[in-house]
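Text of coords.cif (mmCIF, C-alpha atoms) as supplied:
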```
data_model
#
loop_
_atom_site.label_atom_id
_atom_site.label_comp_id
_atom_site.auth_asym_id
_atom_site.auth_seq_id
_atom_site.Cartn_x
_atom_site.Cartn_y
_atom_site.Cartn_z
CA MET A 149 -124.16 239.56 258.19
CA ALA A 150 -125.30 236.21 259.57
CA PRO A 151 -127.18 234.10 257.02
CA GLU A 152 -129.84 232.93 259.49
CA SER A 153 -133.49 233.75 258.85
CA LEU A 154 -135.50 235.66 261.45
CA GLY A 155 -137.61 232.60 262.29
CA GLN A 156 -134.51 230.54 262.90
CA ILE A 157 -133.05 233.16 265.20
CA PHE A 158 -136.28 233.42 267.16
CA LEU A 159 -136.76 229.67 267.60
CA GLY A 160 -133.09 229.18 268.32
CA ALA A 161 -133.07 231.75 271.11
CA THR A 162 -136.37 230.49 272.53
CA LEU A 163 -135.96 226.73 272.44
CA ALA A 164 -132.77 225.17 271.12
CA ASN A 165 -130.42 227.66 272.75
CA ASN A 166 -132.72 228.69 275.55
CA PHE A 167 -130.99 231.44 277.50
CA VAL A 168 -131.53 229.88 280.89
CA LEU A 169 -131.42 226.18 280.26
CA ALA A 170 -128.79 225.90 277.53
CA MET A 171 -126.66 229.01 277.89
CA PHE A 172 -126.87 229.51 281.65
CA LEU A 173 -127.79 233.17 281.44
CA GLY A 174 -130.00 234.77 284.05
CA LEU A 175 -129.83 232.01 286.62
CA CYS A 176 -130.22 234.26 289.66
CA PRO A 177 -133.78 235.36 288.89
CA PHE A 178 -134.48 231.87 287.53
CA LEU A 179 -133.64 230.33 290.91
CA GLY A 180 -135.01 233.26 292.91
CA VAL A 181 -138.36 234.21 291.38
CA SER A 182 -139.51 230.83 290.06
CA GLY A 183 -141.30 229.91 293.29
CA LYS A 184 -144.73 231.18 292.28
CA LEU A 185 -146.49 231.38 288.92
CA ASN A 186 -148.02 234.82 289.45
CA THR A 187 -144.63 236.48 289.96
CA ALA A 188 -142.76 234.38 287.40
CA ALA A 189 -144.80 235.54 284.39
CA PRO A 190 -144.58 239.32 285.07
CA MET A 191 -140.89 238.97 285.86
CA GLY A 192 -140.42 237.30 282.50
CA ALA A 193 -142.36 240.07 280.76
CA ALA A 194 -140.35 242.81 282.48
CA THR A 195 -137.09 241.11 281.58
CA THR A 196 -138.21 240.69 277.97
CA PHE A 197 -139.01 244.38 277.77
CA VAL A 198 -135.63 245.35 279.20
CA MET A 199 -133.96 242.97 276.75
CA LEU A 200 -135.69 244.62 273.80
CA VAL A 201 -134.72 248.09 274.97
CA ALA A 202 -131.17 246.98 275.72
CA SER A 203 -130.86 245.31 272.33
CA LEU A 204 -132.12 248.43 270.59
CA CYS A 205 -129.75 250.73 272.45
CA ALA A 206 -126.83 248.33 272.18
CA TYR A 207 -127.24 248.28 268.42
CA GLY A 208 -127.01 252.06 268.25
CA LEU A 209 -124.20 252.22 270.77
CA ASN A 210 -122.17 249.61 268.97
CA TRP A 211 -122.38 251.61 265.77
CA LEU A 212 -121.24 254.71 267.66
CA VAL A 213 -118.39 252.92 269.44
CA VAL A 214 -117.12 251.34 266.23
CA HIS A 215 -117.52 254.61 264.35
CA PHE A 216 -115.33 256.49 266.83
CA ASP A 217 -112.92 253.56 267.17
CA MET A 218 -113.41 253.19 270.91
CA GLU A 219 -114.24 249.49 271.31
CA PHE A 220 -112.80 249.41 274.81
CA LEU A 221 -115.76 251.50 275.96
CA ARG A 222 -118.33 249.04 274.61
CA LEU A 223 -118.88 247.03 277.77
CA ILE A 224 -119.10 250.07 280.02
CA SER A 225 -121.59 251.87 277.79
CA TYR A 226 -123.76 248.73 277.50
CA ILE A 227 -124.04 248.35 281.24
CA VAL A 228 -124.97 252.00 281.69
CA ILE A 229 -127.72 251.70 279.07
CA ILE A 230 -129.11 248.58 280.70
CA ALA A 231 -129.13 250.19 284.13
CA SER A 232 -131.09 253.14 282.74
CA ALA A 233 -133.59 250.84 281.00
CA VAL A 234 -134.21 248.98 284.24
CA GLN A 235 -134.72 252.26 286.06
CA LEU A 236 -137.34 253.16 283.45
CA VAL A 237 -139.21 249.88 283.86
CA GLU A 238 -139.10 250.31 287.61
CA MET A 239 -140.64 253.77 287.43
CA VAL A 240 -143.39 252.66 285.05
CA LEU A 241 -144.27 249.64 287.17
CA LYS A 242 -144.31 251.66 290.37
CA LYS A 243 -146.76 254.10 288.81
CA TYR A 244 -149.13 251.66 287.12
CA SER A 245 -148.94 248.48 289.19
CA PRO A 246 -147.70 249.02 292.77
CA THR A 247 -148.74 245.49 293.83
CA LEU A 248 -146.62 243.89 291.16
CA PHE A 249 -143.82 246.31 292.03
CA ARG A 250 -143.84 245.06 295.61
CA ALA A 251 -144.15 241.40 294.60
CA LEU A 252 -141.04 241.52 292.44
CA GLY A 253 -139.16 243.36 295.17
CA ILE A 254 -135.40 243.25 295.05
CA TYR A 255 -135.40 241.19 291.84
CA LEU A 256 -136.57 244.14 289.79
CA PRO A 257 -133.46 246.33 290.22
CA LEU A 258 -131.46 243.12 289.93
CA ILE A 259 -132.49 242.85 286.27
CA THR A 260 -129.53 245.19 285.79
CA THR A 261 -127.21 242.41 286.87
CA ASN A 262 -129.17 239.78 284.95
CA CYS A 263 -126.59 238.26 282.66
CA ALA A 264 -129.30 237.40 280.15
CA VAL A 265 -129.83 241.08 279.38
CA LEU A 266 -126.16 241.90 278.99
CA GLY A 267 -125.83 238.56 277.20
CA VAL A 268 -128.30 239.67 274.53
CA ALA A 269 -126.30 242.82 273.92
CA LEU A 270 -122.96 241.02 273.85
CA PHE A 271 -124.06 238.09 271.69
CA GLN A 272 -125.77 240.26 269.08
CA THR A 273 -122.55 242.25 268.79
CA ALA A 274 -120.37 239.15 268.59
CA ARG A 275 -122.61 237.56 265.92
CA GLU A 276 -122.89 240.82 263.94
CA TYR A 277 -126.66 240.68 263.70
CA SER A 278 -128.47 243.26 261.63
CA PHE A 279 -130.98 245.57 263.31
CA LEU A 280 -134.01 243.31 262.72
CA GLN A 281 -132.08 240.17 263.55
CA ALA A 282 -130.93 241.71 266.83
CA LEU A 283 -134.48 242.64 267.83
CA THR A 284 -135.75 239.15 266.95
CA PHE A 285 -132.92 237.64 268.95
CA ALA A 286 -133.80 239.77 271.97
CA LEU A 287 -137.49 238.92 271.69
CA GLY A 288 -136.73 235.20 271.34
CA GLY A 289 -134.38 235.32 274.28
CA GLY A 290 -136.99 237.06 276.40
CA VAL A 291 -139.74 234.63 275.45
CA GLY A 292 -137.41 231.72 276.17
CA PHE A 293 -136.49 233.18 279.55
CA THR A 294 -140.19 233.64 280.41
CA LEU A 295 -140.96 230.11 279.24
CA ALA A 296 -138.25 228.59 281.45
CA LEU A 297 -139.33 230.70 284.42
CA VAL A 298 -143.01 229.78 284.06
CA LEU A 299 -142.32 226.07 283.54
CA MET A 300 -140.10 226.00 286.59
CA ALA A 301 -142.65 227.89 288.70
CA GLY A 302 -145.32 225.38 287.67
CA VAL A 303 -143.19 222.45 288.77
CA ARG A 304 -142.20 224.10 292.02
CA GLU A 305 -145.80 224.97 292.92
CA ARG A 306 -146.68 221.32 292.48
CA LEU A 307 -143.77 220.23 294.61
CA GLN A 308 -144.95 222.25 297.58
CA LEU A 309 -147.78 219.77 297.95
CA SER A 310 -145.56 216.70 297.98
CA ARG A 311 -143.31 215.32 300.67
CA ILE A 312 -139.63 215.88 300.06
CA PRO A 313 -136.74 214.49 302.10
CA ASN A 314 -135.00 217.18 304.14
CA VAL A 315 -131.64 216.63 302.51
CA VAL A 316 -132.70 217.71 299.04
CA GLN A 317 -134.74 220.72 300.08
CA GLY A 318 -133.78 224.16 298.80
CA THR A 319 -131.41 225.02 296.02
CA ALA A 320 -130.21 221.45 295.49
CA LEU A 321 -133.68 220.32 294.46
CA THR A 322 -134.22 223.39 292.27
CA LEU A 323 -130.96 222.68 290.46
CA MET A 324 -131.87 219.04 289.88
CA LEU A 325 -135.22 220.16 288.44
CA ALA A 326 -133.46 222.71 286.25
CA GLY A 327 -131.19 219.91 285.03
CA SER A 328 -134.17 217.79 284.02
CA LEU A 329 -135.79 220.75 282.25
CA SER A 330 -132.52 221.44 280.49
CA LEU A 331 -132.39 217.80 279.37
CA ILE A 332 -135.87 218.19 277.89
CA PHE A 333 -134.94 221.39 276.09
CA MET A 334 -131.93 219.67 274.57
CA GLY A 335 -134.42 217.69 272.54
CA PHE A 336 -135.08 220.87 270.57
CA ALA A 337 -131.44 221.09 269.55
CA GLY A 338 -132.02 218.85 266.54
CA MET A 339 -134.63 221.22 265.10
CA GLY A 340 -132.28 223.80 263.63
CA ALA A 341 -130.14 221.24 261.83
CA GLY A 342 -132.99 219.66 259.83
CA GLU A 343 -133.60 222.82 257.87
CA MET B 189 -118.84 241.88 307.78
CA ALA B 190 -118.54 243.93 310.94
CA ILE B 191 -122.02 243.99 312.36
CA PRO B 192 -122.27 246.22 315.46
CA GLY B 193 -122.46 244.22 318.67
CA GLN B 194 -120.52 241.34 317.18
CA LYS B 195 -116.82 240.89 317.75
CA ILE B 196 -114.80 242.26 314.87
CA PRO B 197 -113.29 239.40 312.85
CA SER B 198 -109.49 239.14 312.69
CA ASN B 199 -107.63 239.46 309.41
CA ILE B 200 -107.33 235.68 309.16
CA ASP B 201 -111.08 235.34 309.61
CA GLU B 202 -111.60 237.79 306.77
CA LEU B 203 -109.47 235.62 304.52
CA LEU B 204 -111.09 232.36 305.54
CA GLU B 205 -114.68 233.60 305.37
CA GLY B 206 -114.97 233.16 301.63
CA LEU B 207 -113.08 229.90 301.55
CA TRP B 208 -115.47 227.90 303.63
CA LYS B 209 -118.12 229.55 305.83
CA GLN B 210 -119.46 231.89 303.14
CA ASN B 211 -118.24 230.04 300.07
CA PRO B 212 -119.81 231.90 297.15
CA VAL B 213 -120.57 228.77 295.14
CA PHE B 214 -121.63 226.20 297.71
CA VAL B 215 -123.07 228.29 300.53
CA MET B 216 -124.31 231.56 299.04
CA VAL B 217 -125.06 230.10 295.58
CA LEU B 218 -124.18 233.42 293.94
CA GLY B 219 -122.81 234.08 290.49
CA MET B 220 -124.05 230.79 289.14
CA CYS B 221 -124.14 231.72 285.46
CA PRO B 222 -120.38 231.64 284.80
CA VAL B 223 -119.98 228.72 287.21
CA LEU B 224 -122.27 226.47 285.22
CA ALA B 225 -121.44 227.74 281.76
CA VAL B 226 -117.66 227.63 281.99
CA SER B 227 -117.07 224.57 284.15
CA VAL B 228 -116.99 222.18 281.20
CA SER B 229 -113.30 221.52 281.81
CA ALA B 230 -110.91 222.14 284.68
CA VAL B 231 -108.70 224.52 282.68
CA ASN B 232 -111.62 226.76 281.74
CA ALA B 233 -112.84 226.70 285.32
CA LEU B 234 -109.42 227.70 286.65
CA SER B 235 -108.98 230.59 284.22
CA MET B 236 -112.48 231.87 284.92
CA GLY B 237 -111.82 231.65 288.65
CA LEU B 238 -108.58 233.60 288.36
CA ALA B 239 -110.14 236.27 286.14
CA THR B 240 -113.02 236.73 288.56
CA THR B 241 -110.63 236.89 291.52
CA PHE B 242 -108.62 239.61 289.78
CA VAL B 243 -111.72 241.71 289.12
CA LEU B 244 -113.01 241.06 292.63
CA VAL B 245 -109.78 242.14 294.35
CA GLY B 246 -109.20 245.15 292.07
CA SER B 247 -112.70 246.56 292.21
CA THR B 248 -113.29 246.01 295.92
CA LEU B 249 -109.93 247.65 296.68
CA LEU B 250 -110.93 250.69 294.64
CA VAL B 251 -114.39 250.81 296.21
CA SER B 252 -112.83 250.57 299.65
CA LEU B 253 -110.38 253.40 298.91
CA LEU B 254 -113.17 255.59 297.56
CA ARG B 255 -115.74 254.57 300.15
CA ASN B 256 -115.88 258.03 301.76
CA VAL B 257 -115.97 259.87 298.43
CA ILE B 258 -118.78 258.05 296.61
CA PRO B 259 -122.19 259.63 297.30
CA ARG B 260 -124.71 257.13 298.65
CA GLU B 261 -127.35 257.81 295.98
CA VAL B 262 -125.21 256.82 293.03
CA ARG B 263 -123.10 254.18 294.72
CA ILE B 264 -124.43 251.16 292.80
CA ALA B 265 -123.89 252.87 289.45
CA THR B 266 -120.37 253.83 290.54
CA TYR B 267 -119.59 250.29 291.66
CA ILE B 268 -120.78 248.90 288.34
CA LEU B 269 -118.61 251.36 286.43
CA ILE B 270 -115.56 250.43 288.52
CA ILE B 271 -116.25 246.73 288.00
CA ALA B 272 -116.80 247.22 284.26
CA THR B 273 -113.43 248.98 284.02
CA PHE B 274 -111.61 246.08 285.64
CA VAL B 275 -113.48 243.58 283.48
CA THR B 276 -112.39 245.44 280.37
CA VAL B 277 -108.80 245.21 281.64
CA VAL B 278 -109.10 241.48 282.25
CA ASP B 279 -110.80 240.99 278.88
CA TYR B 280 -107.85 242.49 277.01
CA LEU B 281 -105.38 240.76 279.36
CA ILE B 282 -106.71 237.27 278.60
CA GLN B 283 -106.81 238.09 274.91
CA ALA B 284 -103.13 238.97 275.12
CA ILE B 285 -102.09 235.93 277.17
CA SER B 286 -104.00 233.12 275.50
CA LEU B 287 -106.36 233.31 272.56
CA ALA B 288 -107.43 229.68 273.10
CA VAL B 289 -108.71 230.44 276.59
CA TYR B 290 -110.29 233.65 275.33
CA ASP B 291 -112.25 231.75 272.69
CA ALA B 292 -113.27 229.01 275.13
CA LEU B 293 -114.65 231.46 277.69
CA GLY B 294 -116.24 233.66 275.04
CA ALA B 295 -118.74 236.25 276.20
CA PHE B 296 -118.50 234.99 279.76
CA ILE B 297 -115.39 237.06 280.43
CA GLN B 298 -117.33 240.24 279.76
CA LEU B 299 -120.25 238.84 281.70
CA ILE B 300 -118.10 238.97 284.85
CA VAL B 301 -119.52 242.51 285.13
CA VAL B 302 -122.87 241.14 286.16
CA ASN B 303 -121.51 238.51 288.52
CA CYS B 304 -123.52 239.06 291.69
CA ILE B 305 -120.60 238.11 293.96
CA ILE B 306 -118.57 241.16 292.96
CA LEU B 307 -121.34 243.72 293.30
CA GLY B 308 -122.46 241.99 296.49
CA ARG B 309 -118.98 242.19 298.02
CA ALA B 310 -118.58 245.83 296.95
CA GLU B 311 -121.89 246.80 298.54
CA ALA B 312 -121.90 244.59 301.63
CA HIS B 313 -118.24 244.60 302.56
CA ALA B 314 -115.88 246.94 300.71
CA SER B 315 -118.07 250.03 301.11
CA LYS B 316 -117.54 249.98 304.89
CA THR B 317 -114.17 248.31 305.41
CA PRO B 318 -110.58 249.62 305.20
CA PRO B 319 -108.50 248.55 302.17
CA LEU B 320 -106.28 245.84 303.71
CA ARG B 321 -109.15 243.82 305.15
CA THR B 322 -111.16 244.29 301.99
CA VAL B 323 -108.37 242.84 299.89
CA LEU B 324 -107.98 239.88 302.26
CA ASN B 325 -111.71 239.23 302.18
CA ALA B 326 -111.83 239.56 298.39
CA LEU B 327 -108.87 237.18 298.04
CA GLY B 328 -110.66 234.63 300.21
CA MET B 329 -113.90 235.01 298.26
CA GLY B 330 -112.06 234.74 294.97
CA ALA B 331 -110.23 231.63 296.14
CA GLY B 332 -113.49 230.13 297.36
CA PHE B 333 -115.10 230.88 294.02
CA THR B 334 -112.16 229.33 292.16
CA ILE B 335 -112.29 226.21 294.32
CA GLY B 336 -116.02 225.89 293.68
CA LEU B 337 -115.46 226.26 289.95
CA LEU B 338 -112.66 223.69 290.02
CA ALA B 339 -114.76 221.23 292.02
CA LEU B 340 -117.45 221.47 289.38
CA GLY B 341 -115.13 221.62 286.39
CA SER B 342 -113.03 218.61 287.36
CA VAL B 343 -116.04 216.40 288.09
CA ARG B 344 -117.59 217.34 284.76
CA GLU B 345 -114.36 216.83 282.85
CA ILE B 346 -113.61 213.46 284.51
CA LEU B 347 -117.10 212.08 283.96
CA GLY B 348 -117.83 213.73 280.65
CA ALA B 349 -114.51 213.33 278.86
CA GLY B 350 -112.45 210.96 281.02
CA LYS B 351 -109.77 213.59 281.41
CA LEU B 352 -108.47 216.03 283.97
CA PHE B 353 -106.65 219.19 282.83
CA GLY B 354 -106.53 217.54 279.40
CA VAL B 355 -104.74 214.40 280.65
CA THR B 356 -106.55 211.15 279.87
CA LEU B 357 -107.29 209.28 283.07
CA PHE B 358 -108.86 206.03 282.01
CA GLY B 359 -108.13 203.28 279.50
CA PRO B 360 -109.46 203.25 275.94
CA ASP B 361 -112.60 201.37 277.02
CA PHE B 362 -113.91 204.34 279.00
CA GLN B 363 -117.34 205.42 277.83
CA PRO B 364 -117.58 209.19 278.31
CA TRP B 365 -120.69 210.32 280.13
CA VAL B 366 -121.44 212.93 277.51
CA VAL B 367 -124.38 214.53 279.28
CA MET B 368 -121.98 215.83 281.93
CA VAL B 369 -120.27 218.26 279.55
CA LEU B 370 -123.64 219.34 278.13
CA PRO B 371 -125.74 222.00 279.87
CA PRO B 372 -127.90 219.59 281.96
CA GLY B 373 -124.74 218.11 283.46
CA GLY B 374 -123.85 221.50 284.94
CA PHE B 375 -127.13 221.65 286.81
CA PHE B 376 -126.86 218.03 287.94
CA VAL B 377 -123.29 218.24 289.22
CA LEU B 378 -123.87 221.49 291.12
CA GLY B 379 -127.10 220.02 292.52
CA ALA B 380 -125.18 216.94 293.62
CA TRP B 381 -122.49 219.03 295.34
CA LEU B 382 -125.13 221.03 297.21
CA LEU B 383 -126.82 217.77 298.13
CA LEU B 384 -123.56 216.50 299.57
CA PHE B 385 -123.12 219.63 301.67
CA ASN B 386 -126.72 219.48 302.86
CA TRP B 387 -126.21 215.87 303.83
CA LEU B 388 -123.02 216.65 305.74
CA LYS B 389 -124.82 219.45 307.55
CA THR B 390 -127.76 217.27 308.61
CA ARG B 391 -125.42 214.44 309.59
CA LYS B 392 -123.34 216.48 312.01
CA PRO B 393 -126.01 217.07 314.69
CA GLN B 394 -127.20 213.47 314.34
CA ALA B 395 -123.70 212.14 314.90
CA ALA B 396 -123.26 214.35 317.96
CA GLN B 397 -126.46 213.29 319.71
CA PRO B 398 -125.88 209.56 320.22
CA ALA B 399 -122.41 210.22 321.60
CA GLU B 400 -123.84 212.41 324.36
CA GLY B 401 -127.01 210.52 325.13
CA HIS B 402 -125.59 206.95 325.19
CA VAL B 403 -128.05 205.74 322.59
CA HIS B 404 -127.36 202.19 321.51
CA GLY B 405 -126.28 201.40 317.97
CA ALA B 406 -123.52 202.91 315.88
#
```

Let me see the structure of the file written as C-alpha cells.
Amino acid sequence: MAPESLGQIFLGATLANNFVLAMFLGLCPFLGVSGKLNTAAPMGAATTFVMLVASLCAYGLNWLVVHFDMEFLRLISYIVIIASAVQLVEMVLKKYSPTLFRALGIYLPLITTNCAVLGVALFQTAREYSFLQALTFALGGGVGFTLALVLMAGVRERLQLSRIPNVVQGTALTLMLAGSLSLIFMGFAGMGAGE
Amino acid sequence: MAIPGQKIPSNIDELLEGLWKQNPVFVMVLGMCPVLAVSVSAVNALSMGLATTFVLVGSTLLVSLLRNVIPREVRIATYILIIATFVTVVDYLIQAISLAVYDALGAFIQLIVVNCIILGRAEAHASKTPPLRTVLNALGMGAGFTIGLLALGSVREILGAGKLFGVTLFGPDFQPWVVMVLPPGGFFVLGAWLLLFNWLKTRKPQAAQPAEGHVHGA
C-alpha cells in the first residue's frame, strides 16, 4: 500500500500532477470544450462523476481479475465499465437537463474515450491504492481536470475580445496558452516535497 | 473516405492521405495525449508511433472484415473491444521485447485504447471500406502519426537534452533547455509546429498573387 496520506493524494492529483497540464490526460475535451465557461464547468463535473464511478468499479474489477488470475482481461473490462458509466450519465443528463445535454453535444459520449478517465483506473491499479486512496485520487483528478478546463475557458473568453494575428488563430494559440498554464502549474510541484 | 459524388481515391491516395493531407497530428490534431506525454525523447516517440500503427492497422483490418456482420447499434462498443484486444497484445509484446521502453511509456501503452485516431478511423473509414484499402489507409495514418511524434520528440530531445536518439549532439558547454522535456515544453513545441504549418498555409496564396498580378516588390 502506498504510504501517501489522502490529502497528499488529493492535492497531488489536483495541482502538482494535474491530469491535463502535467500528465497530458484528457486533452481532447480540454481543447474542444474550453471555449466557453458555461459548458466548461458542467463538462468538468460530468467527467469528475464518471471518474468516481470508474474508479469505484475499477477497484472492484481489479480485485476480481487478480482473484481469478486473468490480468490480460483488465484493460478490456475497464473500458467496458467506463462506457457503461458514461451511458448512465448521458441518460441522467438527458432526463434532467436537456439544455445542458445539447450544449455538451458530441463531447459527452466522448468521455468514454477521455484518457483521463481510463488514466484514473490504470494509475490507481499501477500504484496499488487502497479503496479510499483510489476514490480520493479520482476526486482530485476530476477537480484538477475541471480547474484546468475552467481556467482555460476564462482565458479564451477574454481572448475573443482582443485582436489576434491570423497565423496564430485556432489550435496553435490554444496550445501556447495551455503551455503557459502548464508552466504556472509546475510551480505547485515543489509543494509535495516540503512535507 | 469515399463520399458519394466524389471520385473514388486510388490506392496510392489512400496511403498518402494520412501522411500529409490528413496528418493526424498536424492537421486533424487528434490523439494528442500520447503525442505530448511520450514525445520527451525520439526513441520513446518512435516506439509509441510503431505501437499505435500496429493497433491501428490490426483493428481497422478486423473492423473492415467484420463490417457487414457488426450491428449498427452496438458498433462503437464492438470497435472499442476490438481495439482493446489489440492494445492488450501490443502491451504484452512491448513488455517481452524491451522492458526499458515499457517502463518509459508506462500507462500510455494501455491508453492507446482511447486514442481518438483509431476509433475515428474505424468509424469513419474502415466500417465502409474493403480490407486492402483500409490497411493502406491505416498504414498511411500510422506513418503520419509516427512522423508527427518524431518531429515533436526530436525537437524536444535536441533542445531539452542536447541529444538525438541518445547521441550527444553539442559540446560540453551546451546548456540544456530543460523546460522542453517538461510538460509545458510539449505544449509549446506542438504549438510552434502548428504555427509553422499555419504560416506556410497563409503564405502560399500570398506568394501566388504577386506572380500573377505583376505587383512590384519581391

* Name the residues that the PyMOL selection byres ((chain A and resi 282-296) around 7) pulls out of this structure, and write them as a PyMOL selection string. => chain A and resi 154+157-159+161-163+166-168+189+192-193+195-196+199-200+203-204+268+272+277-281+297-300

* For the point (-115.5, 220.2, 283.4) in file coordinates, what residues are within 9 Å, counting only C-alpha atoms? Give the answer as a VMD selection string? -> chain B and resid 226 to 233 337 to 349 351 to 353 368 to 369 374

* To do: Using only C-alpha atoms, find the one residue out of A:Arg275, A:Arg311, A:Lys242, A:Arg306 that sits nearest to chain B.
  =>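 Among the listed residues, the smallest separation from chain B belongs to A:Arg275.
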
* Do you have the CA of Leu218 (chain B)-CA of Ile305 (chain B) distance handy? ->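 Going from CA of Leu218 (chain B) over to CA of Ile305 (chain B), I get 5.9 Å.
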
* **Matched chain/residue IDs from the PyMOL selection byres ((chain B) within 8 of (chain A)), as a PyMOL selection string** => chain B and resi 218-222+224-225+265+268-269+272-273+276+295+298-299+301-304+371-376+378-380+382-383+386-387+390

* Just give me the gap between CA of Leu234 (chain B) and CA of Gly336 (chain B) in Å, one decimal is fine. =>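 We find that CA of Leu234 (chain B) and CA of Gly336 (chain B) lie 9.8 Å from each other.
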